[in-house]
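Chemist: After the structure tokens below, expect a handful of questions from me.
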Amino acid sequence: MTRINQLFIGLAIGAGLTAGAFAQSPATGAAPIAGPVAQSPKDWQAPDITKLPDDKYGQMVRRGKVLMEETYKYLGPEVKDVNKRYAGNNLACVSCHMDAGGRKFGNPWVGTFVSFPQYRGREDAISTTEERINGCMERSMNGRKLPLDSEEMKTMTTYLQFLSTGIPVGAKLEGGGTLRLKTLARAADPVAGKQVYAATCVACHGDNGQGVRRGKAGDANGYQFPPLWGADSYNTGAGMARVTLAAGFIKGNMPIGVTHTSTVLTDEQAFDVSAYINSQPRPVKGNLQADFPARKNKPVDAAFPPYTPGVSAEQHKYGPWQPIVEAREKGAIPPK
Ligand code: HEC
Ligand code: HEC
């Protein structure tokens with residue numbers, strides 16, 4: 001076994017223990033959420049898929065989970081059936097949605113299904129669960145939309161619905177998305193981030209951010225350690241391409257084995273390494289100026305035009321962001 005494998009397994013076991021201890025922790029006093037499975041907005045956990053019967057519904061949920069865990073094998077650019085090549089890279093949904101969507105601050109999917117349809121600032125419209133999945137297909141997976149009535153879309157949506165078992169529509173759960181770190185007073189620094197990368201990330205993600213394949217290029221077996229930049233990574237329109245979002249994800253989930261309760265990076269290191277990763281080349285999403293048509297919704301770290309009047313592309317990307325927030329409050333909104 002390679003050293004990396006040992007490290008990986010050791011850390012993964014550590015993470016498993018953390019999750020187990022969490023599951024047994026006593027109720028925290030937050031009001032329970034009514035439903036067939038008692039859930040608390042603080043101490044929720046993913047429902048147990050092994051308890052599902054082997055009927056049509058159970059089979060669909062399980063297939064959805066597999067599709068999200070091994071996306072590259074079914075929808076990736078290397079699958080035999082060219083018509084199924086919906087994803088443009090060999091990532092899996094769970095490359096970024098940790099523990100198959102069950103982890104707090106690891107882009108969880110518990111509660112997602114019951115939060116849609118939802119107003120989305122990126123579209124300035126009400127979006128459905130399916131449209132949100134396609135958002136990640138076109139950006140994080142650098143691919144194209146799955147047809148709404150496709151088997152794959154149905155299985156993924158059914159898995160998401162299962163993950164919200166017992167949670168009422170509109171419930172607000174703690175730990176959604178990723179850690180929201182307090183932004184730095186200075187710009188995030190890709191040069192300092194390169195040092196963090198060399199010390200903490202390179203062993204798994206590689207010298208050129210290329211990751212480590214599970215098999216060979218062309219075999220549709222995806223990655224043991226996914227790429228962080230380059231042709232097989234997420235594109236410039238992805239959430240992970242925003243330095244603040246990636247910093248929160250990294251702090252709460254990387255190096256693999258850490259969770260939001262056992263972080264190892266400082267906030268500064270998380271911002272800097274996020275800046276480093278996102279300063280590297282990656283697929284470019286076209287027509288990004290169509291995002292956030294209501295310009296006031298545009299996140300201050302969305303690093304594509306149109307920009308806030310008087311603020312450089314560079315500052316949008318790396319910060320400092322607080323002055324942009326203040327300029328926005330005074331009415332400096334990106335033009336149409
Ligand atoms: C490169 C990382 C990455 C990959 C790969 C990825 N996602 Fe995401 N996904 C994100 C991030 C980051 C967010 C939150 C983004 C935001 O707030 O703008 C998100 C949000 C979502 C949401 C909304 C969650 C909620 O509660 O609002 C859904 C649903 C989703 N992704 C599904 C998928 C599916 C299905 C796949 C695979 C086909 C996938 N994602 C692949 C990074 C990723
Ligand atoms: C021990 C191996 C390991 C180390 C070290 C590690 N990662 Fe990861 N990383 C992974 C794995 C594995 C995944 C995919 C998640 C999964 O499969 O659960 C991942 C996923 C990611 C992702 C989202 C997926 C993608 O391809 O974009 C980012 C971003 C990331 N890591 C950044 C980092 C950064 C930054 C560091 C250093 C601070 C780091 N990782 C250290 C193993 C590692």
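Ordering of the structure tokens sets the chain letters (A, B, ...); residue numbers start at 1 within each chain; ligands are numbered from 1 in the order shown.
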Using DSSP on the backbone, list every residue of segment 136-314 of chain A that comes out as strand (DSSP E or B), and give them as a ChimeraX atom specification.

Modeler: /A:178,212-213,223-225,256,258

Chemist: With a distance cut-off of 8 Å and only C-alpha atoms, select the neighbouring residues of Lys285 of chain A, excluding the residue or stretch itself and same-chain residues fewer than 3 positions from it, and output the selection as a ChimeraX atom specification.

Modeler: /A:139,142,235-237,288

Chemist: Please, could you write that set of residues out with N, CA and C atoms as a PDB file, in the first residue's frame?

Modeler:
ATOM      1  N   ARG A 139     -21.670  23.445 -14.737  1.00  0.00           N
ATOM      2  CA  ARG A 139     -20.589  24.256 -14.173  1.00  0.00           C
ATOM      3  C   ARG A 139     -19.569  23.372 -13.433  1.00  0.00           C
ATOM      4  N   ASN A 142     -18.785  20.771 -15.658  1.00  0.00           N
ATOM      5  CA  ASN A 142     -18.393  21.332 -16.955  1.00  0.00           C
ATOM      6  C   ASN A 142     -19.079  20.627 -18.135  1.00  0.00           C
ATOM      7  N   ASN A 235     -15.547  24.342 -14.045  1.00  0.00           N
ATOM      8  CA  ASN A 235     -15.273  25.506 -14.898  1.00  0.00           C
ATOM      9  C   ASN A 235     -15.409  26.836 -14.138  1.00  0.00           C
ATOM     10  N   THR A 236     -15.140  27.915 -14.857  1.00  0.00           N
ATOM     11  CA  THR A 236     -15.086  29.244 -14.225  1.00  0.00           C
ATOM     12  C   THR A 236     -16.458  29.731 -13.730  1.00  0.00           C
ATOM     13  N   GLY A 237     -17.529  29.045 -14.110  1.00  0.00           N
ATOM     14  CA  GLY A 237     -18.854  29.443 -13.631  1.00  0.00           C
ATOM     15  C   GLY A 237     -19.310  28.680 -12.397  1.00  0.00           C
ATOM     16  N   LEU A 288     -21.001  34.150 -19.161  1.00  0.00           N
ATOM     17  CA  LEU A 288     -21.237  34.342 -17.724  1.00  0.00           C
ATOM     18  C   LEU A 288     -21.903  35.677 -17.410  1.00  0.00           C
TER      19      LEU A 288
END

Chemist: Which of these, A:Gln322, A:Ser233, A:Thr183, A:Thr158, has the shortest distance to Gly88 of chain A once you count only C-alpha atoms?

Modeler: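 Distance minimum relative to Gly88 of chain A lands on A:Ser233.
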
Chemist: Please report as a Markdown table every residue of chain A lying within 7 Å of ligand 2, along with the nearest atom pair and their distance in Å (one decimal), using only C-alpha atoms and all ligand atoms.

Modeler:
| residue | atom | partner | partner_atom_place_in_ligand_line | distance |
| --- | --- | --- | --- | --- |
| A:Ile4 | CA | ligand 2 | 1 (C) | 6.4 |
| A:Leu7 | CA | ligand 2 | 1 (C) | 5.9 |
| A:Phe8 | CA | ligand 2 | 1 (C) | 4.5 |
| A:Leu91 | CA | ligand 2 | 26 (O) | 6.6 |
| A:Val94 | CA | ligand 2 | 16 (C) | 5.9 |
| A:Ser95 | CA | ligand 2 | 14 (C) | 4.0 |
| A:Cys96 | CA | ligand 2 | 23 (C) | 4.6 |
| A:Met98 | CA | ligand 2 | 18 (O) | 5.2 |
| A:Asp99 | CA | ligand 2 | 18 (O) | 6.2 |
| A:Val196 | CA | ligand 2 | 38 (C) | 6.6 |
| A:Tyr197 | CA | ligand 2 | 37 (C) | 5.5 |
| A:Thr200 | CA | ligand 2 | 37 (C) | 4.6 |
| A:Cys201 | CA | ligand 2 | 37 (C) | 3.4 |
| A:Val202 | CA | ligand 2 | 5 (C) | 6.7 |
| A:Ala203 | CA | ligand 2 | 5 (C) | 5.8 |
| A:Cys204 | CA | ligand 2 | 2 (C) | 4.4 |
| A:His205 | CA | ligand 2 | 7 (N) | 6.3 |
| A:Gln224 | CA | ligand 2 | 12 (C) | 5.9 |
| A:Phe225 | CA | ligand 2 | 12 (C) | 4.5 |
| A:Pro226 | CA | ligand 2 | 26 (O) | 4.3 |
| A:Pro227 | CA | ligand 2 | 26 (O) | 4.6 |
| A:Leu228 | CA | ligand 2 | 27 (O) | 4.4 |
| A:Ser233 | CA | ligand 2 | 26 (O) | 6.2 |
| A:Tyr234 | CA | ligand 2 | 27 (O) | 6.6 |
| A:Met240 | CA | ligand 2 | 29 (C) | 6.9 |
| A:Ala246 | CA | ligand 2 | 29 (C) | 6.2 |
| A:Ile250 | CA | ligand 2 | 35 (C) | 5.6 |
| A:Met254 | CA | ligand 2 | 39 (C) | 4.8 |
| A:Pro255 | CA | ligand 2 | 41 (C) | 3.5 |
| A:Ile256 | CA | ligand 2 | 43 (C) | 4.5 |
| A:Val273 | CA | ligand 2 | 35 (C) | 5.7 |
| A:Ser274 | CA | ligand 2 | 35 (C) | 6.2 |

Chemist: Using the selection just defined, write its residues with N, CA and C atoms as a short mmCIF file (atom, residue, chain, number, x, y, z; two decimals), in the first residue's frame.

Modeler:
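In the end it all went to part.cif:
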data_model
loop_
_atom_site.label_atom_id
_atom_site.label_comp_id
_atom_site.auth_asym_id
_atom_site.auth_seq_id
_atom_site.Cartn_x
_atom_site.Cartn_y
_atom_site.Cartn_z
N ILE A 4 0.29 7.33 0.48
CA ILE A 4 -0.90 8.16 0.31
C ILE A 4 -2.15 7.37 0.69
N LEU A 7 -2.41 7.10 4.41
CA LEU A 7 -2.83 8.37 4.97
C LEU A 7 -4.33 8.56 4.75
N PHE A 8 -4.74 8.25 3.54
CA PHE A 8 -6.13 8.42 3.15
C PHE A 8 -7.05 7.58 4.04
N LEU A 91 -15.14 14.15 -12.72
CA LEU A 91 -15.45 14.26 -11.29
C LEU A 91 -16.71 13.44 -11.00
N VAL A 94 -20.09 13.62 -5.67
CA VAL A 94 -19.60 13.54 -4.29
C VAL A 94 -18.14 13.99 -4.15
N SER A 95 -17.50 14.41 -5.25
CA SER A 95 -16.16 15.01 -5.09
C SER A 95 -16.28 16.27 -4.23
N CYS A 96 -17.42 16.92 -4.29
CA CYS A 96 -17.64 18.17 -3.54
C CYS A 96 -18.81 18.07 -2.55
N MET A 98 -19.81 16.07 0.22
CA MET A 98 -19.10 15.08 1.02
C MET A 98 -20.05 14.08 1.68
N ASP A 99 -19.53 12.88 1.91
CA ASP A 99 -20.32 11.79 2.51
C ASP A 99 -21.64 11.62 1.77
N VAL A 196 0.97 26.64 1.01
CA VAL A 196 0.00 25.80 1.73
C VAL A 196 -0.27 24.55 0.91
N TYR A 197 -0.45 24.76 -0.39
CA TYR A 197 -0.72 23.63 -1.29
C TYR A 197 0.41 22.61 -1.23
N THR A 200 0.29 20.78 2.20
CA THR A 200 -0.90 20.09 2.72
C THR A 200 -1.75 19.37 1.67
N CYS A 201 -1.58 19.70 0.41
CA CYS A 201 -2.53 19.20 -0.59
C CYS A 201 -1.86 18.37 -1.69
N VAL A 202 -0.59 18.68 -1.95
CA VAL A 202 0.05 18.13 -3.16
C VAL A 202 0.12 16.61 -3.14
N ALA A 203 0.23 16.00 -1.97
CA ALA A 203 0.37 14.54 -1.89
C ALA A 203 -0.81 13.84 -2.56
N CYS A 204 -1.99 14.41 -2.45
CA CYS A 204 -3.16 13.79 -3.08
C CYS A 204 -3.52 14.44 -4.42
N HIS A 205 -3.49 15.76 -4.47
CA HIS A 205 -4.02 16.43 -5.66
C HIS A 205 -2.97 16.68 -6.75
N GLN A 224 -9.16 8.72 -7.76
CA GLN A 224 -9.04 8.46 -6.33
C GLN A 224 -8.96 9.82 -5.62
N PHE A 225 -8.16 10.72 -6.19
CA PHE A 225 -8.06 12.10 -5.69
C PHE A 225 -8.35 13.02 -6.86
N PRO A 226 -9.43 13.79 -6.80
CA PRO A 226 -9.86 14.54 -7.99
C PRO A 226 -8.96 15.71 -8.33
N PRO A 227 -8.95 16.11 -9.60
CA PRO A 227 -8.15 17.27 -10.01
C PRO A 227 -8.75 18.56 -9.46
N LEU A 228 -7.89 19.55 -9.22
CA LEU A 228 -8.36 20.84 -8.71
C LEU A 228 -8.29 21.94 -9.75
N SER A 233 -11.32 19.67 -14.65
CA SER A 233 -11.83 20.23 -13.39
C SER A 233 -13.13 21.00 -13.62
N TYR A 234 -13.65 21.60 -12.56
CA TYR A 234 -14.84 22.45 -12.65
C TYR A 234 -14.52 23.70 -13.48
N MET A 240 -17.40 26.55 -6.85
CA MET A 240 -16.05 26.32 -6.32
C MET A 240 -15.03 27.29 -6.93
N ALA A 246 -14.88 28.31 -2.07
CA ALA A 246 -13.88 27.24 -2.03
C ALA A 246 -13.11 27.28 -0.70
N ILE A 250 -12.84 24.13 1.73
CA ILE A 250 -11.52 23.57 2.05
C ILE A 250 -11.31 23.56 3.57
N MET A 254 -10.99 19.72 4.09
CA MET A 254 -9.68 19.32 3.56
C MET A 254 -8.57 19.66 4.55
N PRO A 255 -7.43 18.93 4.57
CA PRO A 255 -7.21 17.70 3.80
C PRO A 255 -8.21 16.63 4.22
N ILE A 256 -8.46 15.69 3.32
CA ILE A 256 -9.57 14.77 3.54
C ILE A 256 -9.41 14.08 4.89
N VAL A 273 -4.97 29.27 -0.12
CA VAL A 273 -4.88 28.07 -0.97
C VAL A 273 -6.04 28.05 -1.97
N SER A 274 -7.19 28.57 -1.54
CA SER A 274 -8.33 28.70 -2.46
C SER A 274 -7.97 29.65 -3.61
#

Chemist: List the spatial neighbours of segment 333-336 of chain A as a PDB file with N, CA and C atoms, in the first residue's frame - criterion: any atom at most 12 Å away, only C-alpha atoms, same-chain residues fewer than 2 positions off excluded.

Modeler:
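The resulting around-v4.pdb:
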ATOM      1  N   GLN A 289     -21.805  36.628 -18.360  1.00  0.00           N
ATOM      2  CA  GLN A 289     -22.464  37.921 -18.087  1.00  0.00           C
ATOM      3  C   GLN A 289     -23.986  37.775 -18.012  1.00  0.00           C
ATOM      4  N   ALA A 290     -24.500  36.595 -18.437  1.00  0.00           N
ATOM      5  CA  ALA A 290     -25.948  36.353 -18.305  1.00  0.00           C
ATOM      6  C   ALA A 290     -26.327  35.942 -16.878  1.00  0.00           C
ATOM      7  N   ASP A 291     -25.328  35.564 -16.065  1.00  0.00           N
ATOM      8  CA  ASP A 291     -25.611  35.206 -14.673  1.00  0.00           C
ATOM      9  C   ASP A 291     -26.001  36.460 -13.894  1.00  0.00           C
ATOM     10  N   PHE A 292     -26.804  36.291 -12.886  1.00  0.00           N
ATOM     11  CA  PHE A 292     -27.216  37.384 -12.004  1.00  0.00           C
ATOM     12  C   PHE A 292     -27.755  38.582 -12.789  1.00  0.00           C
ATOM     13  N   PRO A 293     -28.815  38.353 -13.575  1.00  0.00           N
ATOM     14  CA  PRO A 293     -29.379  39.457 -14.357  1.00  0.00           C
ATOM     15  C   PRO A 293     -29.820  40.616 -13.458  1.00  0.00           C
ATOM     16  N   ALA A 294     -30.276  40.303 -12.236  1.00  0.00           N
ATOM     17  CA  ALA A 294     -30.513  41.386 -11.273  1.00  0.00           C
ATOM     18  C   ALA A 294     -29.157  41.614 -10.604  1.00  0.00           C
ATOM     19  N   ARG A 295     -28.429  42.622 -11.087  1.00  0.00           N
ATOM     20  CA  ARG A 295     -27.005  42.756 -10.752  1.00  0.00           C
ATOM     21  C   ARG A 295     -26.734  42.922  -9.259  1.00  0.00           C
ATOM     22  N   LYS A 296     -27.711  43.411  -8.520  1.00  0.00           N
ATOM     23  CA  LYS A 296     -27.491  43.588  -7.077  1.00  0.00           C
ATOM     24  C   LYS A 296     -27.255  42.231  -6.396  1.00  0.00           C
ATOM     25  N   ASN A 297     -27.699  41.132  -7.038  1.00  0.00           N
ATOM     26  CA  ASN A 297     -27.514  39.788  -6.474  1.00  0.00           C
ATOM     27  C   ASN A 297     -26.111  39.242  -6.702  1.00  0.00           C
ATOM     28  N   LYS A 298     -25.328  39.897  -7.523  1.00  0.00           N
ATOM     29  CA  LYS A 298     -24.056  39.311  -7.934  1.00  0.00           C
ATOM     30  C   LYS A 298     -23.084  39.258  -6.748  1.00  0.00           C
ATOM     31  N   PRO A 299     -22.606  38.060  -6.393  1.00  0.00           N
ATOM     32  CA  PRO A 299     -21.682  37.965  -5.258  1.00  0.00           C
ATOM     33  C   PRO A 299     -20.429  38.807  -5.511  1.00  0.00           C
ATOM     34  N   VAL A 300     -19.903  39.411  -4.460  1.00  0.00           N
ATOM     35  CA  VAL A 300     -18.758  40.312  -4.653  1.00  0.00           C
ATOM     36  C   VAL A 300     -17.512  39.559  -5.106  1.00  0.00           C
ATOM     37  N   ALA A 302     -17.669  37.058  -7.357  1.00  0.00           N
ATOM     38  CA  ALA A 302     -17.897  36.490  -8.694  1.00  0.00           C
ATOM     39  C   ALA A 302     -16.944  37.225  -9.638  1.00  0.00           C
ATOM     40  N   ALA A 303     -15.929  36.490 -10.138  1.00  0.00           N
ATOM     41  CA  ALA A 303     -14.810  37.169 -10.804  1.00  0.00           C
ATOM     42  C   ALA A 303     -14.984  37.210 -12.312  1.00  0.00           C
ATOM     43  N   PHE A 304     -16.155  37.617 -12.773  1.00  0.00           N
ATOM     44  CA  PHE A 304     -16.375  37.779 -14.214  1.00  0.00           C
ATOM     45  C   PHE A 304     -17.214  39.031 -14.422  1.00  0.00           C
ATOM     46  N   PRO A 305     -17.099  39.624 -15.643  1.00  0.00           N
ATOM     47  CA  PRO A 305     -17.802  40.880 -15.896  1.00  0.00           C
ATOM     48  C   PRO A 305     -19.321  40.688 -15.958  1.00  0.00           C
ATOM     49  N   PRO A 306     -20.109  41.753 -15.786  1.00  0.00           N
ATOM     50  CA  PRO A 306     -19.679  43.124 -15.524  1.00  0.00           C
ATOM     51  C   PRO A 306     -19.290  43.314 -14.052  1.00  0.00           C
ATOM     52  N   TYR A 307     -18.329  44.205 -13.849  1.00  0.00           N
ATOM     53  CA  TYR A 307     -17.808  44.421 -12.504  1.00  0.00           C
ATOM     54  C   TYR A 307     -18.462  45.624 -11.827  1.00  0.00           C
ATOM     55  N   THR A 308     -18.302  45.659 -10.509  1.00  0.00           N
ATOM     56  CA  THR A 308     -18.773  46.810  -9.733  1.00  0.00           C
ATOM     57  C   THR A 308     -17.990  48.048 -10.183  1.00  0.00           C
ATOM     58  N   PRO A 309     -18.674  49.163 -10.476  1.00  0.00           N
ATOM     59  CA  PRO A 309     -17.948  50.363 -10.934  1.00  0.00           C
ATOM     60  C   PRO A 309     -16.802  50.709  -9.981  1.00  0.00           C
ATOM     61  N   GLY A 310     -15.609  50.929 -10.558  1.00  0.00           N
ATOM     62  CA  GLY A 310     -14.455  51.335  -9.758  1.00  0.00           C
ATOM     63  C   GLY A 310     -13.698  50.183  -9.112  1.00  0.00           C
ATOM     64  N   VAL A 311     -14.145  48.929  -9.331  1.00  0.00           N
ATOM     65  CA  VAL A 311     -13.477  47.781  -8.706  1.00  0.00           C
ATOM     66  C   VAL A 311     -12.875  46.906  -9.810  1.00  0.00           C
ATOM     67  N   SER A 312     -11.609  46.487  -9.620  1.00  0.00           N
ATOM     68  CA  SER A 312     -10.928  45.697 -10.652  1.00  0.00           C
ATOM     69  C   SER A 312     -11.398  44.241 -10.644  1.00  0.00           C
ATOM     70  N   ALA A 313     -11.162  43.561 -11.770  1.00  0.00           N
ATOM     71  CA  ALA A 313     -11.436  42.123 -11.869  1.00  0.00           C
ATOM     72  C   ALA A 313     -10.665  41.378 -10.781  1.00  0.00           C
ATOM     73  N   HIS A 316     -12.242  41.665  -7.367  1.00  0.00           N
ATOM     74  CA  HIS A 316     -13.426  40.810  -7.265  1.00  0.00           C
ATOM     75  C   HIS A 316     -12.999  39.378  -6.976  1.00  0.00           C
ATOM     76  N   ILE A 324     -15.848  46.238  -1.315  1.00  0.00           N
ATOM     77  CA  ILE A 324     -16.828  46.082  -2.418  1.00  0.00           C
ATOM     78  C   ILE A 324     -18.241  46.025  -1.827  1.00  0.00           C
ATOM     79  N   VAL A 325     -18.358  45.299  -0.707  1.00  0.00           N
ATOM     80  CA  VAL A 325     -19.664  45.236  -0.027  1.00  0.00           C
ATOM     81  C   VAL A 325     -20.120  46.660   0.305  1.00  0.00           C
ATOM     82  N   GLU A 326     -19.183  47.461   0.828  1.00  0.00           N
ATOM     83  CA  GLU A 326     -19.535  48.832   1.218  1.00  0.00           C
ATOM     84  C   GLU A 326     -19.879  49.694  -0.003  1.00  0.00           C
ATOM     85  N   ALA A 327     -19.125  49.514  -1.091  1.00  0.00           N
ATOM     86  CA  ALA A 327     -19.430  50.269  -2.316  1.00  0.00           C
ATOM     87  C   ALA A 327     -20.825  49.896  -2.830  1.00  0.00           C
ATOM     88  N   ARG A 328     -21.136  48.613  -2.762  1.00  0.00           N
ATOM     89  CA  ARG A 328     -22.465  48.153  -3.194  1.00  0.00           C
ATOM     90  C   ARG A 328     -23.553  48.825  -2.357  1.00  0.00           C
ATOM     91  N   GLU A 329     -23.303  48.874  -1.048  1.00  0.00           N
ATOM     92  CA  GLU A 329     -24.315  49.480  -0.159  1.00  0.00           C
ATOM     93  C   GLU A 329     -24.542  50.950  -0.508  1.00  0.00           C
ATOM     94  N   LYS A 330     -23.490  51.580  -1.049  1.00  0.00           N
ATOM     95  CA  LYS A 330     -23.632  52.995  -1.431  1.00  0.00           C
ATOM     96  C   LYS A 330     -24.166  53.135  -2.858  1.00  0.00           C
ATOM     97  N   GLY A 331     -24.544  52.001  -3.454  1.00  0.00           N
ATOM     98  CA  GLY A 331     -25.221  52.097  -4.749  1.00  0.00           C
ATOM     99  C   GLY A 331     -24.377  51.762  -5.957  1.00  0.00           C
TER     100      GLY A 331
END

Chemist: Can you tell me how far atom CA of Arg132 of chain A sits from atom CA of Glu314 of chain A, in Å to one decimal?

Modeler: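 Taking atom CA of Arg132 of chain A as the start and atom CA of Glu314 of chain A as the end point, the length is 28.3 Å.
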
Chemist: Name the residues, by chain letter and number, that sit within 8 Å of ligand 1 using only C-alpha atoms and all ligand atoms, and give them as a VMD selection string.

Modeler: chain A and resid 68 71 87 91 to 97 107 to 113 115 129 to 130 132 to 137 139 to 141 156 160 176 to 178 233 to 234 238 to 240 245 to 246 249

Chemist: Tell me, which residues of segment 50-188 of chain A carry DSSP alpha helix (DSSP H), written as an NGL selection string?

Modeler: :A and (56-69 or 71-74 or 98-101 or 129-138 or 151-163)

Chemist: I need the residues from that last selection saved to file as a tab-separated table (two decimals), in the first residue's frame (with N, CA and C atoms), if you can.

Modeler:
chain	number	residue	atom	x	y	z
A	56	LYS	N	-39.29	-0.81	-5.69
A	56	LYS	CA	-38.95	0.12	-6.77
A	56	LYS	C	-38.37	1.44	-6.23
A	57	TYR	N	-38.98	1.95	-5.15
A	57	TYR	CA	-38.50	3.21	-4.58
A	57	TYR	C	-37.08	3.04	-4.03
A	58	GLY	N	-36.88	1.98	-3.24
A	58	GLY	CA	-35.57	1.73	-2.65
A	58	GLY	C	-34.49	1.56	-3.72
A	59	GLN	N	-34.87	0.87	-4.79
A	59	GLN	CA	-33.90	0.66	-5.88
A	59	GLN	C	-33.53	1.99	-6.55
A	60	MET	N	-34.53	2.82	-6.72
A	60	MET	CA	-34.31	4.13	-7.37
A	60	MET	C	-33.41	5.01	-6.52
A	61	VAL	N	-33.66	5.02	-5.21
A	61	VAL	CA	-32.84	5.82	-4.30
A	61	VAL	C	-31.39	5.33	-4.36
A	62	ARG	N	-31.21	4.02	-4.32
A	62	ARG	CA	-29.85	3.45	-4.34
A	62	ARG	C	-29.14	3.76	-5.66
A	63	ARG	N	-29.89	3.68	-6.75
A	63	ARG	CA	-29.28	4.00	-8.04
A	63	ARG	C	-28.87	5.47	-8.12
A	64	GLY	N	-29.72	6.32	-7.54
A	64	GLY	CA	-29.39	7.75	-7.52
A	64	GLY	C	-28.10	7.99	-6.76
A	65	LYS	N	-27.95	7.31	-5.64
A	65	LYS	CA	-26.74	7.48	-4.84
A	65	LYS	C	-25.51	7.02	-5.62
A	66	VAL	N	-25.62	5.87	-6.26
A	66	VAL	CA	-24.49	5.36	-7.05
A	66	VAL	C	-24.13	6.33	-8.18
A	67	LEU	N	-25.15	6.88	-8.81
A	67	LEU	CA	-24.92	7.83	-9.91
A	67	LEU	C	-24.16	9.06	-9.42
A	68	MET	N	-24.46	9.48	-8.22
A	68	MET	CA	-23.79	10.66	-7.69
A	68	MET	C	-22.39	10.33	-7.16
A	69	GLU	N	-22.20	9.06	-6.76
A	69	GLU	CA	-20.87	8.65	-6.27
A	69	GLU	C	-19.93	8.31	-7.42
A	71	THR	N	-20.32	9.27	-10.88
A	71	THR	CA	-20.87	10.02	-12.01
A	71	THR	C	-20.05	9.78	-13.29
A	72	TYR	N	-18.74	9.78	-13.12
A	72	TYR	CA	-17.81	9.58	-14.26
A	72	TYR	C	-18.09	8.28	-15.00
A	73	LYS	N	-18.61	7.28	-14.30
A	73	LYS	CA	-18.81	5.96	-14.90
A	73	LYS	C	-20.09	5.89	-15.74
A	74	TYR	N	-21.04	6.80	-15.44
A	74	TYR	CA	-22.34	6.76	-16.11
A	74	TYR	C	-22.60	7.97	-17.01
A	98	MET	N	-19.81	16.07	0.22
A	98	MET	CA	-19.10	15.08	1.02
A	98	MET	C	-20.05	14.08	1.68
A	99	ASP	N	-19.53	12.88	1.91
A	99	ASP	CA	-20.32	11.79	2.51
A	99	ASP	C	-21.64	11.62	1.77
A	100	ALA	N	-21.58	11.63	0.46
A	100	ALA	CA	-22.78	11.46	-0.38
A	100	ALA	C	-23.89	12.43	0.01
A	101	GLY	N	-23.49	13.62	0.41
A	101	GLY	CA	-24.47	14.66	0.72
A	101	GLY	C	-24.94	14.67	2.16
A	129	THR	N	-35.57	21.72	-8.18
A	129	THR	CA	-34.46	20.83	-7.82
A	129	THR	C	-33.71	20.37	-9.08
A	130	GLU	N	-34.48	19.99	-10.11
A	130	GLU	CA	-33.86	19.50	-11.34
A	130	GLU	C	-32.99	20.58	-11.99
A	131	GLU	N	-33.50	21.80	-12.01
A	131	GLU	CA	-32.71	22.88	-12.59
A	131	GLU	C	-31.43	23.12	-11.79
A	132	ARG	N	-31.53	22.95	-10.48
A	132	ARG	CA	-30.34	23.13	-9.64
A	132	ARG	C	-29.31	22.04	-9.92
A	133	ILE	N	-29.78	20.80	-10.09
A	133	ILE	CA	-28.86	19.72	-10.47
A	133	ILE	C	-28.17	20.08	-11.78
A	134	ASN	N	-28.95	20.58	-12.74
A	134	ASN	CA	-28.35	20.95	-14.03
A	134	ASN	C	-27.38	22.12	-13.90
A	135	GLY	N	-27.59	22.97	-12.89
A	135	GLY	CA	-26.61	24.02	-12.63
A	135	GLY	C	-25.25	23.41	-12.35
A	136	CYS	N	-25.19	22.38	-11.50
A	136	CYS	CA	-23.91	21.71	-11.23
A	136	CYS	C	-23.44	20.91	-12.44
A	137	MET	N	-24.37	20.37	-13.22
A	137	MET	CA	-23.95	19.65	-14.45
A	137	MET	C	-23.20	20.59	-15.40
A	138	GLU	N	-23.70	21.79	-15.56
A	138	GLU	CA	-23.12	22.71	-16.55
A	138	GLU	C	-21.86	23.42	-16.04
A	151	GLU	N	-34.00	9.21	-17.07
A	151	GLU	CA	-33.90	8.27	-15.95
A	151	GLU	C	-32.89	8.78	-14.92
A	152	GLU	N	-31.76	9.32	-15.42
A	152	GLU	CA	-30.71	9.79	-14.51
A	152	GLU	C	-31.21	10.94	-13.64
A	153	MET	N	-31.93	11.87	-14.26
A	153	MET	CA	-32.45	12.99	-13.49
A	153	MET	C	-33.45	12.51	-12.44
A	154	LYS	N	-34.28	11.55	-12.83
A	154	LYS	CA	-35.26	11.01	-11.86
A	154	LYS	C	-34.57	10.31	-10.70
A	155	THR	N	-33.54	9.54	-10.99
A	155	THR	CA	-32.89	8.80	-9.90
A	155	THR	C	-32.18	9.77	-8.96
A	156	MET	N	-31.53	10.78	-9.52
A	156	MET	CA	-30.81	11.73	-8.65
A	156	MET	C	-31.81	12.51	-7.79
A	157	THR	N	-32.91	12.92	-8.39
A	157	THR	CA	-33.91	13.67	-7.64
A	157	THR	C	-34.53	12.80	-6.54
A	158	THR	N	-34.72	11.52	-6.86
A	158	THR	CA	-35.31	10.62	-5.85
A	158	THR	C	-34.34	10.43	-4.68
A	159	TYR	N	-33.07	10.32	-4.97
A	159	TYR	CA	-32.09	10.22	-3.87
A	159	TYR	C	-32.12	11.49	-3.02
A	160	LEU	N	-32.19	12.64	-3.67
A	160	LEU	CA	-32.25	13.90	-2.90
A	160	LEU	C	-33.52	13.93	-2.05
A	161	GLN	N	-34.64	13.49	-2.61
A	161	GLN	CA	-35.90	13.48	-1.86
A	161	GLN	C	-35.77	12.57	-0.65
A	162	PHE	N	-35.16	11.39	-0.83
A	162	PHE	CA	-34.95	10.46	0.29
A	162	PHE	C	-34.14	11.13	1.40
A	163	LEU	N	-33.12	11.89	1.02
A	163	LEU	CA	-32.27	12.54	2.03
A	163	LEU	C	-33.04	13.56	2.87

Chemist: Measuring between only C-alpha atoms, which one of A:Gly175, A:Lys182, A:Asp81, A:Gly215 shows the shortest distance to Trp321 of chain A?

Modeler: A:Lys182
